[in-house]
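This is protein-v7.cif (mmCIF, C-alpha atoms).
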data_run
loop_
_atom_site.label_atom_id
_atom_site.label_comp_id
_atom_site.auth_asym_id
_atom_site.auth_seq_id
_atom_site.Cartn_x
_atom_site.Cartn_y
_atom_site.Cartn_z
CA MET R 20 -24.73 10.63 -29.87
CA SER R 21 -24.56 8.24 -26.91
CA GLU R 22 -22.33 9.03 -23.96
CA ALA R 23 -19.80 6.75 -22.33
CA PRO R 24 -21.11 4.86 -19.28
CA ASN R 25 -20.40 6.26 -15.85
CA TRP R 26 -18.13 3.37 -14.88
CA PHE R 27 -15.82 4.33 -17.74
CA PHE R 28 -15.40 7.81 -16.31
CA SER R 29 -14.83 6.38 -12.82
CA ALA R 30 -12.04 4.16 -14.13
CA CYS R 31 -10.44 7.00 -16.10
CA ALA R 32 -10.62 9.36 -13.11
CA PHE R 33 -8.91 6.86 -10.80
CA ILE R 34 -6.22 6.12 -13.39
CA GLY R 35 -5.67 9.86 -13.78
CA PHE R 36 -5.15 10.18 -10.03
CA VAL R 37 -2.58 7.38 -10.07
CA LEU R 38 -0.77 8.82 -13.10
CA CYS R 39 -0.40 12.18 -11.33
CA ALA R 40 0.82 10.56 -8.11
CA ILE R 41 3.55 8.45 -9.75
CA PRO R 42 5.97 11.24 -10.84
CA LEU R 43 5.26 13.46 -7.82
CA PRO R 44 8.06 12.25 -5.47
CA TRP R 45 11.02 13.01 -7.74
CA HIS R 46 9.51 16.35 -8.81
CA LEU R 47 9.20 17.29 -5.13
CA GLU R 48 12.87 16.45 -4.65
CA ALA R 49 13.77 18.75 -7.55
CA TRP R 50 11.60 21.59 -6.14
CA ASN R 51 9.72 22.12 -9.40
CA THR R 52 6.99 24.15 -7.71
CA GLY R 53 4.77 24.81 -10.73
CA THR R 54 4.94 21.19 -11.89
CA CYS R 55 4.19 19.86 -8.40
CA LEU R 56 1.21 22.20 -8.04
CA TYR R 57 -0.10 21.04 -11.41
CA MET R 58 0.17 17.38 -10.37
CA ILE R 59 -1.37 17.89 -6.92
CA TRP R 60 -4.38 19.89 -8.10
CA THR R 61 -5.05 17.59 -11.08
CA GLY R 62 -4.60 14.38 -9.10
CA LEU R 63 -6.78 15.49 -6.18
CA GLN R 64 -9.51 16.69 -8.51
CA CYS R 65 -9.48 13.35 -10.36
CA LEU R 66 -9.80 11.60 -6.99
CA ASN R 67 -12.61 13.95 -5.98
CA LEU R 68 -14.53 13.26 -9.18
CA PHE R 69 -13.92 9.53 -8.85
CA ILE R 70 -15.41 9.43 -5.34
CA ASN R 71 -18.44 11.43 -6.41
CA SER R 72 -19.10 9.25 -9.45
CA VAL R 73 -19.01 6.12 -7.30
CA ILE R 74 -21.19 7.36 -4.41
CA TRP R 75 -23.85 8.99 -6.60
CA ASN R 76 -23.72 6.50 -9.45
CA SER R 77 -27.47 5.82 -9.43
CA ASN R 78 -28.98 8.15 -6.82
CA VAL R 79 -29.30 11.81 -5.86
CA LEU R 80 -29.63 11.38 -2.10
CA ASN R 81 -27.84 13.81 0.17
CA VAL R 82 -25.92 11.11 2.02
CA ALA R 83 -22.74 13.12 2.72
CA PRO R 84 -23.51 16.84 3.12
CA VAL R 85 -20.18 17.75 4.71
CA TRP R 86 -18.28 15.97 1.96
CA CYS R 87 -20.29 17.85 -0.65
CA ASP R 88 -19.43 21.18 1.01
CA ILE R 89 -15.72 20.36 0.72
CA SER R 90 -15.95 18.72 -2.71
CA SER R 91 -17.90 21.54 -4.36
CA LYS R 92 -15.54 24.22 -3.01
CA PHE R 93 -12.53 22.23 -4.16
CA MET R 94 -13.97 22.13 -7.68
CA ILE R 95 -14.09 25.94 -7.73
CA GLY R 96 -10.44 26.12 -6.68
CA ALA R 97 -9.29 23.42 -9.11
CA THR R 98 -10.90 25.24 -12.04
CA VAL R 99 -8.54 28.16 -11.44
CA ALA R 100 -5.61 26.14 -10.07
CA LEU R 101 -4.67 24.45 -13.35
CA PRO R 102 -4.28 27.72 -15.31
CA ALA R 103 -2.44 29.17 -12.30
CA ALA R 104 0.00 26.22 -12.22
CA SER R 105 0.54 26.63 -15.96
CA LEU R 106 1.30 30.29 -15.32
CA CYS R 107 3.92 29.28 -12.74
CA ILE R 108 5.56 26.96 -15.28
CA ASN R 109 5.61 29.57 -18.05
CA ARG R 110 6.89 32.19 -15.64
CA ARG R 111 9.78 30.00 -14.56
CA LEU R 112 10.70 29.04 -18.12
CA TYR R 113 10.80 32.72 -19.06
CA HIS R 114 13.01 33.62 -16.11
CA ILE R 115 15.49 30.88 -17.00
CA VAL R 116 16.15 32.22 -20.50
CA SER R 117 15.78 35.93 -19.74
CA VAL R 118 17.96 36.55 -16.68
CA ASP R 119 21.41 38.02 -17.20
CA ALA R 120 23.02 36.28 -14.21
CA VAL R 121 23.70 32.60 -14.70
CA THR R 122 23.81 31.66 -11.03
CA LYS R 123 21.10 32.29 -8.46
CA THR R 124 21.51 32.83 -4.76
CA ARG R 125 19.63 30.85 -2.16
CA ALA R 126 17.45 33.86 -1.35
CA GLU R 127 16.47 34.27 -4.99
CA LYS R 128 15.48 30.61 -5.27
CA ARG R 129 13.41 30.90 -2.10
CA ARG R 130 11.72 33.99 -3.48
CA ASP R 131 10.85 32.15 -6.70
CA VAL R 132 9.27 29.29 -4.73
CA LEU R 133 7.21 31.67 -2.62
CA GLY R 134 6.05 33.47 -5.76
CA ASP R 135 4.91 30.20 -7.34
CA LEU R 136 3.06 29.22 -4.16
CA ALA R 137 1.32 32.60 -4.08
CA ILE R 138 0.11 32.07 -7.66
CA GLY R 139 -0.63 28.34 -7.70
CA LEU R 140 -2.01 28.09 -4.16
CA GLY R 141 -3.04 31.60 -3.16
CA ILE R 142 -5.20 32.41 -6.20
CA PRO R 143 -7.31 29.20 -5.97
CA ILE R 144 -7.90 29.76 -2.25
CA LEU R 145 -8.90 33.33 -2.96
CA GLU R 146 -11.27 32.09 -5.65
CA MET R 147 -12.94 29.73 -3.17
CA ILE R 148 -13.53 32.63 -0.82
CA LEU R 149 -14.88 34.95 -3.52
CA HIS R 150 -17.24 32.27 -4.77
CA TYR R 151 -19.24 32.51 -1.56
CA ILE R 152 -20.39 36.00 -2.63
CA VAL R 153 -22.35 34.60 -5.58
CA GLN R 154 -23.17 31.18 -4.10
CA GLY R 155 -26.95 30.97 -4.40
CA HIS R 156 -27.45 27.88 -2.22
CA ARG R 157 -25.39 25.19 -0.50
CA PHE R 158 -24.61 22.85 -3.42
CA ASN R 159 -26.16 20.71 -6.16
CA ILE R 160 -26.26 16.93 -6.58
CA PHE R 161 -26.36 15.48 -10.09
CA GLU R 162 -26.92 11.79 -10.58
CA GLU R 163 -23.74 10.01 -11.87
CA ILE R 164 -21.74 13.22 -11.30
CA GLY R 165 -22.23 13.84 -7.59
CA CYS R 166 -21.63 17.08 -5.74
CA TYR R 167 -21.43 20.25 -7.81
CA PRO R 168 -20.99 23.90 -6.84
CA ALA R 169 -23.96 26.25 -7.05
CA THR R 170 -23.33 29.68 -8.59
CA TYR R 171 -26.03 32.30 -8.95
CA ASN R 172 -26.08 33.51 -12.56
CA THR R 173 -25.64 37.20 -11.91
CA PRO R 174 -23.16 39.74 -13.38
CA PRO R 175 -20.75 39.66 -10.38
CA ALA R 176 -20.37 35.89 -10.92
CA TYR R 177 -18.63 36.47 -14.26
CA ALA R 178 -16.07 38.79 -12.70
CA LEU R 179 -15.55 36.77 -9.53
CA VAL R 180 -15.67 33.18 -10.83
CA TRP R 181 -15.96 32.47 -14.53
CA CYS R 182 -13.52 34.99 -16.01
CA TRP R 183 -10.53 34.01 -13.85
CA PRO R 184 -9.36 31.03 -15.96
CA VAL R 185 -9.44 33.10 -19.15
CA ALA R 186 -7.59 36.02 -17.54
CA ILE R 187 -4.87 33.76 -16.12
CA GLY R 188 -4.60 31.97 -19.46
CA VAL R 189 -3.98 35.27 -21.26
CA VAL R 190 -1.17 36.20 -18.84
CA SER R 191 0.32 32.72 -19.24
CA ALA R 192 0.16 33.07 -23.03
CA VAL R 193 2.11 36.34 -22.82
CA TYR R 194 4.86 34.59 -20.81
CA CYS R 195 4.90 31.75 -23.34
CA LEU R 196 5.37 34.10 -26.27
CA CYS R 197 8.11 36.00 -24.45
CA THR R 198 9.91 32.74 -23.73
CA ILE R 199 9.87 31.79 -27.41
CA ARG R 200 11.25 35.21 -28.35
CA GLU R 201 14.07 34.97 -25.77
CA LEU R 202 14.97 31.49 -26.98
CA ALA R 203 15.29 32.78 -30.52
CA LEU R 204 17.56 35.62 -29.36
CA ARG R 205 19.70 33.59 -26.93
CA ARG R 206 19.97 30.29 -28.73
CA ALA R 207 23.75 30.17 -28.34
CA GLN R 208 23.56 30.80 -24.56
CA PHE R 209 20.80 28.28 -23.89
CA LYS R 210 23.00 25.59 -22.32
CA GLU R 211 24.81 28.13 -20.20
CA LEU R 212 21.50 29.49 -18.92
CA LEU R 213 20.32 26.00 -18.00
CA SER R 214 23.48 25.42 -15.96
CA ALA R 215 22.12 27.73 -13.25
CA ASN R 216 19.30 25.22 -12.67
CA ARG R 217 20.86 21.88 -11.80
CA ASN R 218 17.45 20.15 -11.90
CA MET R 219 16.60 21.47 -15.36
CA SER R 220 17.85 19.80 -18.52
CA SER R 221 17.11 20.81 -22.09
CA SER R 222 14.77 17.83 -22.49
CA ARG R 223 12.78 18.71 -19.37
CA TYR R 224 12.71 22.39 -20.37
CA PHE R 225 11.06 21.70 -23.72
CA ARG R 226 8.67 19.17 -22.18
CA LEU R 227 7.54 21.77 -19.66
CA MET R 228 7.21 24.27 -22.45
CA GLY R 229 5.04 21.88 -24.46
CA LEU R 230 2.81 21.13 -21.45
CA ALA R 231 2.37 24.83 -20.67
CA ALA R 232 1.64 25.66 -24.31
CA ILE R 233 -1.07 22.99 -24.52
CA GLU R 234 -2.56 24.29 -21.28
CA VAL R 235 -2.67 27.83 -22.63
CA LEU R 236 -4.18 26.74 -25.94
CA GLY R 237 -6.87 24.82 -24.08
CA THR R 238 -7.63 27.21 -21.23
CA ILE R 239 -8.57 30.31 -23.21
CA PRO R 240 -11.04 28.79 -25.74
CA ILE R 241 -12.59 26.36 -23.23
CA GLY R 242 -12.99 29.11 -20.63
CA ALA R 243 -14.61 31.35 -23.22
CA TYR R 244 -16.96 28.51 -24.25
CA ILE R 245 -18.01 27.93 -20.61
CA ILE R 246 -18.85 31.63 -20.29
CA TYR R 247 -20.92 31.33 -23.46
CA LEU R 248 -22.83 28.34 -22.05
CA ASN R 249 -23.56 30.16 -18.80
CA VAL R 250 -24.95 33.10 -20.75
CA THR R 251 -27.16 31.02 -23.04
CA ILE R 252 -28.39 28.19 -20.78
CA SER R 253 -30.18 30.40 -18.27
CA PRO R 254 -30.97 34.11 -18.20
CA ILE R 255 -28.68 36.41 -16.23
CA GLN R 256 -30.36 37.64 -13.04
CA PRO R 257 -29.69 41.13 -11.72
CA TRP R 258 -27.78 41.57 -8.51
CA ILE R 259 -30.25 42.93 -5.94
CA SER R 260 -28.64 42.39 -2.56
CA TRP R 261 -26.67 39.95 -0.43
CA VAL R 262 -29.87 38.75 1.25
CA ASP R 263 -31.60 38.13 -2.07
CA THR R 264 -28.67 36.15 -3.44
CA HIS R 265 -28.31 33.97 -0.32
CA TYR R 266 -32.03 33.43 0.27
CA ASP R 267 -32.76 29.83 1.38
CA PHE R 268 -29.02 29.15 1.35
CA SER R 269 -29.24 25.71 3.01
CA ARG R 270 -31.22 24.32 0.08
CA VAL R 271 -29.68 21.38 -1.85
CA ALA R 272 -30.82 21.02 -5.47
CA GLN R 273 -31.02 17.42 -6.71
CA TYR R 274 -31.15 16.50 -10.41
CA PRO R 275 -31.66 12.93 -11.67
CA SER R 276 -29.81 11.80 -14.75
CA VAL R 277 -32.94 11.98 -16.92
CA VAL R 278 -33.45 15.65 -16.05
CA TRP R 279 -30.00 17.01 -16.79
CA HIS R 280 -29.58 14.81 -19.87
CA ALA R 281 -32.75 16.36 -21.34
CA ASP R 282 -30.90 19.63 -22.00
CA HIS R 283 -28.01 19.05 -24.41
CA GLN R 284 -26.05 22.17 -23.46
CA THR R 285 -26.33 21.39 -19.76
CA ALA R 286 -25.12 17.84 -20.36
CA VAL R 287 -22.17 19.08 -22.43
CA SER R 288 -21.21 21.61 -19.78
CA LEU R 289 -21.34 19.09 -16.93
CA GLN R 290 -19.45 16.35 -18.77
CA MET R 291 -16.82 18.79 -20.00
CA SER R 292 -16.21 20.10 -16.48
CA ARG R 293 -15.14 16.66 -15.26
CA TYR R 294 -13.52 15.06 -18.33
CA LEU R 295 -11.14 18.00 -18.78
CA PHE R 296 -9.30 17.17 -15.55
CA VAL R 297 -8.87 13.54 -16.57
CA ALA R 298 -7.51 14.67 -19.94
CA CYS R 299 -5.02 16.98 -18.17
CA ALA R 300 -3.79 14.05 -16.07
CA PHE R 301 -3.18 11.88 -19.14
CA ILE R 302 -1.49 14.73 -21.02
CA PHE R 303 0.86 15.39 -18.11
CA PHE R 304 1.84 11.74 -17.82
CA SER R 305 2.50 11.53 -21.55
CA PHE R 306 5.08 14.32 -21.14
CA PHE R 307 6.76 13.19 -17.89
CA GLY R 308 5.79 9.57 -17.31
CA PHE R 309 8.19 8.15 -19.93
CA ALA R 310 11.17 10.46 -19.51
CA ASP R 311 14.66 9.27 -18.56
CA GLU R 312 14.30 10.21 -14.89
CA ALA R 313 10.92 8.46 -14.80
CA ARG R 314 12.32 5.19 -16.17
CA ARG R 315 15.22 5.39 -13.74
CA ASN R 316 12.86 5.80 -10.80
CA TYR R 317 10.69 2.95 -12.05
CA ARG R 318 13.73 0.65 -12.02
CA LEU R 319 14.67 1.75 -8.50
CA ALA R 320 11.12 1.25 -7.23
CA TYR R 321 10.89 -2.21 -8.80
CA THR R 322 14.24 -3.27 -7.37
CA SER R 323 13.28 -2.06 -3.89
CA PHE R 324 9.94 -3.87 -4.04
CA ALA R 325 11.54 -7.06 -5.34
CA LYS R 326 14.05 -7.10 -2.48
CA LYS R 327 11.27 -6.72 0.09
CA VAL R 328 9.23 -9.62 -1.31
CA GLY R 329 12.30 -11.78 -2.01
CA ILE R 330 12.22 -11.75 -5.80
CA SER R 331 15.59 -12.09 -7.53
CA THR R 332 16.09 -9.28 -10.03
CA GLY R 333 19.71 -9.90 -11.01
CA THR R 334 21.72 -6.80 -11.77
CA MET R 335 20.25 -3.82 -13.59
CA SER R 336 22.82 -1.62 -15.28
CA SER R 337 22.16 1.06 -17.88
CA GLY R 338 18.64 -0.17 -18.38
CA THR R 339 19.67 -3.81 -19.09
CA TRP R 340 19.32 -7.01 -17.10
CA GLY R 341 22.35 -9.06 -16.09
CA THR R 342 22.94 -12.47 -14.56
CA GLY R 343 24.85 -11.28 -11.54
CA SER R 344 28.48 -11.69 -10.56
CA LYS R 345 30.23 -14.69 -9.09
CA GLN R 346 30.73 -12.85 -5.87
CA ASP R 347 26.96 -12.57 -5.42
CA MET R 348 26.58 -16.35 -5.74
CA SER R 349 29.45 -17.37 -3.45
CA TYR R 350 29.12 -18.50 0.15
CA ASN R 351 32.61 -17.55 1.32
CA SER R 352 31.28 -14.76 3.48
CA ARG R 353 29.07 -17.07 5.54
CA PRO R 354 30.39 -17.70 9.05
CA GLY R 355 30.79 -21.28 10.23
CA MET R 356 33.10 -24.28 10.30
CA PRO R 357 35.90 -24.35 7.70
CA VAL R 358 35.80 -27.11 5.12
CA PHE R 359 38.99 -28.95 4.12
CA ILE R 360 39.02 -30.54 0.69
CA THR R 361 41.67 -33.06 -0.28
CA GLN R 362 42.59 -32.85 -3.94
CA ARG R 363 43.29 -36.22 -5.55
CA THR R 364 46.03 -36.28 -8.18
CA ASP R 365 46.40 -39.22 -10.55
CA THR R 366 49.79 -39.70 -12.13
CA LYS R 367 50.20 -41.15 -15.57
CA ARG R 368 52.73 -43.98 -15.92
CA ASP R 369 55.02 -44.09 -18.90
CA SER R 370 55.10 -46.92 -21.43
CA PHE R 371 58.28 -48.47 -20.03
CA ALA R 372 56.73 -48.97 -16.62
CA SER R 373 53.61 -50.56 -18.09
CA PHE R 374 55.72 -53.43 -19.53
CA SER R 375 57.62 -54.00 -16.26
CA THR R 376 56.84 -56.62 -13.63
CA ASN R 377 58.75 -54.72 -10.96
CA LEU R 378 56.64 -52.07 -9.29
CA SER R 379 59.67 -50.07 -8.16
CA ILE R 380 60.51 -49.12 -11.76
CA GLY R 381 57.23 -47.27 -12.21
CA ASP R 382 57.82 -45.45 -8.94
CA LEU R 383 61.00 -43.89 -10.29
CA GLY R 384 59.00 -41.70 -12.67
CA ASN R 385 56.86 -40.23 -9.86
CA PRO R 386 58.93 -38.03 -7.57
CA ASN R 387 55.85 -37.16 -5.50
CA LEU R 388 55.92 -40.59 -3.90
CA HIS R 389 59.28 -39.87 -2.26
CA GLU R 390 58.10 -36.62 -0.74
CA LYS R 391 57.50 -36.75 2.97
CA LYS R 392 53.94 -36.03 3.90
CA GLN R 393 53.56 -33.23 6.42
CA PRO R 394 51.37 -34.05 9.40
CA TYR R 395 48.12 -32.17 9.77
CA SER R 396 48.38 -29.01 11.79
CA VAL R 397 45.67 -26.53 12.73
CA ALA R 398 48.09 -23.63 12.39
CA THR R 399 49.14 -24.54 8.84
CA SER R 400 45.73 -25.58 7.55
CA GLY R 401 43.62 -23.56 5.13
CA GLY R 402 41.17 -22.59 7.88
CA SER R 403 40.90 -22.48 11.61
CA ILE R 404 38.22 -23.31 14.14
CA SER R 405 37.63 -20.64 16.71
CA LYS R 406 36.16 -21.28 20.09
CA ASP R 407 33.23 -19.05 19.26
CA SER R 408 32.20 -21.21 16.32
CA LEU R 409 32.23 -24.46 18.39
CA PRO R 410 29.10 -25.74 20.11
CA THR R 411 28.64 -25.08 23.80
CA ALA R 412 29.99 -28.44 24.92
CA ALA R 413 32.96 -28.25 22.58
CA ALA R 414 33.74 -24.69 23.64
CA ALA R 415 33.78 -25.77 27.26
CA ALA R 416 36.10 -28.63 26.47
CA ALA R 417 38.44 -26.35 24.53
CA ASP R 418 39.41 -24.58 27.77
CA VAL R 419 40.66 -27.88 29.36
CA PRO R 420 44.29 -28.81 28.56
CA MET R 421 44.65 -32.13 26.80
CA ASP R 422 47.52 -34.65 27.04
CA PHE R 423 48.18 -36.02 23.57
CA ASN R 424 50.20 -38.97 25.00
CA ASP R 425 46.99 -40.48 26.35
CA ILE R 426 45.51 -40.82 22.90
CA THR R 427 45.54 -44.44 21.72
CA LEU R 428 46.20 -44.77 18.02
CA PRO R 429 44.48 -47.59 16.10
CA ALA R 430 46.57 -50.60 15.09
CA PHE R 431 47.44 -50.82 11.42
CA PRO R 432 46.87 -54.20 9.74
CA GLU R 433 49.87 -56.12 8.41
CA LEU R 434 50.52 -56.32 4.68
CA THR R 435 49.38 -59.65 3.23
CA LEU R 436 50.12 -59.01 -0.44
CA ASP R 437 53.27 -60.69 -1.86
CA VAL R 438 54.65 -58.96 -4.89
CA ASN R 439 56.09 -62.22 -6.27
CA THR R 440 52.65 -63.82 -6.36
CA VAL R 441 51.34 -61.21 -8.77
CA PRO R 442 51.10 -62.73 -12.30
CA ARG R 443 53.55 -61.26 -14.70
CA HIS R 444 52.44 -59.45 -17.80
CA ILE R 445 54.08 -60.93 -20.90
CA PRO R 446 54.05 -58.53 -23.83
CA ASP R 447 52.94 -59.76 -27.23
CA ALA R 448 55.88 -60.59 -29.52
CA PRO R 449 56.42 -62.48 -32.78
CA SER R 450 57.07 -66.22 -32.49
CA SER R 451 60.58 -66.00 -33.98
CA ARG R 452 63.18 -63.32 -34.25
CA ARG R 453 65.68 -62.98 -36.98
CA SER R 454 69.13 -61.89 -36.01
CA SER R 455 71.64 -60.15 -38.16
CA LEU R 456 73.39 -63.48 -38.94
CA ASP R 457 70.38 -64.66 -41.01
CA VAL R 458 70.88 -61.96 -43.61
#

Would you mind writing the file's structure down as structure tokens?
Amino acid sequence: MSEAPNWFFSACAFIGFVLCAIPLPWHLEAWNTGTCLYMIWTGLQCLNLFINSVIWNSNVLNVAPVWCDISSKFMIGATVALPAASLCINRRLYHIVSVDAVTKTRAEKRRDVLGDLAIGLGIPILEMILHYIVQGHRFNIFEEIGCYPATYNTPPAYALVWCWPVAIGVVSAVYCLCTIRELALRRAQFKELLSANRNMSSSRYFRLMGLAAIEVLGTIPIGAYIIYLNVTISPIQPWISWVDTHYDFSRVAQYPSVVWHADHQTAVSLQMSRYLFVACAFIFFSFFGFADEARRNYRLAYTSFAKKVGISTGTMSSGTWGTGSKQDMSYNSRPGMPVFITQRTDTKRDSFASFSTNLSIGDLGNPNLHEKKQPYSVATSGGSISKDSLPTAAAAAADVPMDFNDITLPAFPELTLDVNTVPRHIPDAPSSRRSSLDV
């Protein structure tokens, strides 16, 4: 069976890193320690594998020895970190449904966080240190895979390195089973128990439970299969001494793609060790990347980005798009000169005035013509012009008193229209009228 090309893994590894980084901020705000540790370890390991697959895509040269020292040790820690983070999640879920007190003090919450950090961060660091005991040489380089830790196949290696994921998975499985039993016993008190954790809803609780259960179901059989491969691929060497194990420690073993692909079990073991982390990233995002809080944060992030680049997003309310309010489209709040608008009113003349040749008759039906027009005044107008809004020259002139008697008004032209010269409108009428005497 043919394998997927290396570029496919590189793309999946980078996407896995991004998928783990997206939900991290709001989980950090909620102080979900086990979930944050799971995301950080998985995302960083996906990034680590992505970098290695790009640098050593078609070569086995030792171009970055310091990076390989860090990368190979991080792989040892990440192998234990994921089961440890799952243990933190299962442990917290069990404590939520099993405690008798609904509320927790600040000291108890701090103690829970420190306990999760000791498990999800302390155990992987301890594993990195213990790995040095059975580290036969500096590291390995596999073409298309990159840096890889070197472990001497000796009996102490099984106790110090390869059995830790299975042991942690068994403890996590015990917590998972106890949580299910407590849920069955305290089904009626479930909502009351969740009230003590303001950042934990029933939906998030069951999603965490599903993620932890999948992790447990995958950790134990896969860890057992890796132990089986280590036993069968190469013979177990006896532990002689520290000097014998670390002989020629600075050596770097380099394996081209043709060499490690020749052995099917070796190829399966290597590919499984890197694809499992990518699968964990995708599984995590499927649980938490489409939840309600995730969609809400996506909307907030998009709105913030759109405002920075000047894209109009309208109004987003309850997950729907709107057209905005009138207040958002108005310009009344802009400072500047006031604008005065004169409203023109047309009056409709009645039928009697339309048949009249005297213009004063039509004026009787319009009382607005007899109203006295008020002169324009700045105090009574709809707006005012402040000295601050005037230009510099106008503001300077505003401080000088002005004599209005010196203003010369323009001369009005005389009226030249004679009303009597306007042709009269003769209404249409029949040529003859019959009076009452003709009957």

Ground truth for the PyMOL selection byres ((chain R and resi 269) around 12), written as a list of chain:residue names |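 That expression, the PyMOL selection byres ((chain R and resi 269) around 12), corresponds here to R:Pro84, R:Asp88, R:Gln154, R:Gly155, R:His156, R:Arg157, R:Phe158, R:Asn159, R:Ala169, R:His265, R:Tyr266, R:Asp267, R:Phe268, R:Arg270, R:Val271, R:Ala272.
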
Report as an mmCIF file with C-alpha atoms, in the frame of the given file the full result of the PyMOL selection byres ((chain R and resi 184) around 7) when it is applied to this structure.
data_model
loop_
_atom_site.group_PDB
_atom_site.id
_atom_site.type_symbol
_atom_site.label_atom_id
_atom_site.label_comp_id
_atom_site.auth_asym_id
_atom_site.auth_seq_id
_atom_site.Cartn_x
_atom_site.Cartn_y
_atom_site.Cartn_z
ATOM 1 C CA VAL R 99 -8.540 28.160 -11.440
ATOM 2 C CA PRO R 102 -4.280 27.720 -15.310
ATOM 3 C CA TRP R 181 -15.960 32.470 -14.530
ATOM 4 C CA CYS R 182 -13.520 34.990 -16.010
ATOM 5 C CA TRP R 183 -10.530 34.010 -13.850
ATOM 6 C CA VAL R 185 -9.440 33.100 -19.150
ATOM 7 C CA ALA R 186 -7.590 36.020 -17.540
ATOM 8 C CA ILE R 187 -4.870 33.760 -16.120
ATOM 9 C CA GLY R 188 -4.600 31.970 -19.460
ATOM 10 C CA THR R 238 -7.630 27.210 -21.230
ATOM 11 C CA GLY R 242 -12.990 29.110 -20.630
#

Å distance separating CA of Gly53 (chain R) from CA of Phe303 (chain R), one decimal place | 12.6 Å

Of the candidates R:Gly96, R:Gly35, R:Pro44, R:Gly165, which one gets nearest to Gln290 (chain R) if we count only C-alpha atoms?
->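 Nearest candidate to Gln290 (chain R) out of R:Gly96, R:Gly35, R:Pro44, R:Gly165: R:Gly165.
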
If the PyMOL selection byres ((chain R and resi 172) around 9) is run on the structure shown, which residues does it catch, given as an MDAnalysis selection string?
-> chainID R and resid 153 155 170:171 173:177 249:250 253:257

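What separates CA of Ser222 (chain R) from CA of Ser305 (chain R) is a distance of 13.8 Å.
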
Best match for closeness to Ile241 (chain R) among R:Glu127, R:Tyr317, R:Ser292, R:Leu204, counting all atoms listed in the file =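 Distance minimum relative to Ile241 (chain R) lands on R:Ser292.
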
Which of R:Cys166, R:Leu43, R:Met291, R:Ile74 sits closest to Ser90 (chain R) [using all atoms listed in the file] = R:Cys166

Measure the distance from CA of Phe28 (chain R) to CA of Asn81 (chain R) in Å and round it to one decimal.
->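 Going from CA of Phe28 (chain R) over to CA of Asn81 (chain R) covers 21.5 Å.
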
R:Val73, R:Val328, R:Ala243, R:Val277: which is nearest Phe33 (chain R), counting all atoms listed in the file?
-> R:Val73

Counting all atoms listed in the file, which of R:Tyr321, R:Tyr274, R:Tyr224, R:Phe307 gets nearest to Ile115 (chain R)?
-> R:Tyr224

Write out as a list of chain:residue names which residues come within 9 Å of Thr52 (chain R) when counting all atoms listed in the file, dropping same-chain ones fewer than 6 positions away.
->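 With the cut-off at 9 Å, the set is R:His46, R:Ala104, R:Cys107, R:Ile108, R:Asp131, R:Val132, R:Asp135, R:Leu136, R:Gly139.
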
Please check which residues have atoms at most 8 Å from (-16.1, 23.3, -15.2) in the file's coordinates, counting all atoms listed in the file, and write them as a PyMOL selection string.
-> chain R and resi 94+98+245+288-289+291-293

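Among the candidates R:Tyr194, R:Val235, R:Ile246, R:Phe306, the one nearest to His114 (chain R) when counting all atoms listed in the file is R:Tyr194.
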
Around all listed atoms of region 156-171 of chain R, padded 6 Å per side, what centre and edge lengths does the axis-aligned box have in Å to one decimal, as JSON?
{"center_x": -24.2, "center_y": 21.2, "center_z": -6.2, "size_x": 18.5, "size_y": 34.3, "size_z": 23.4}
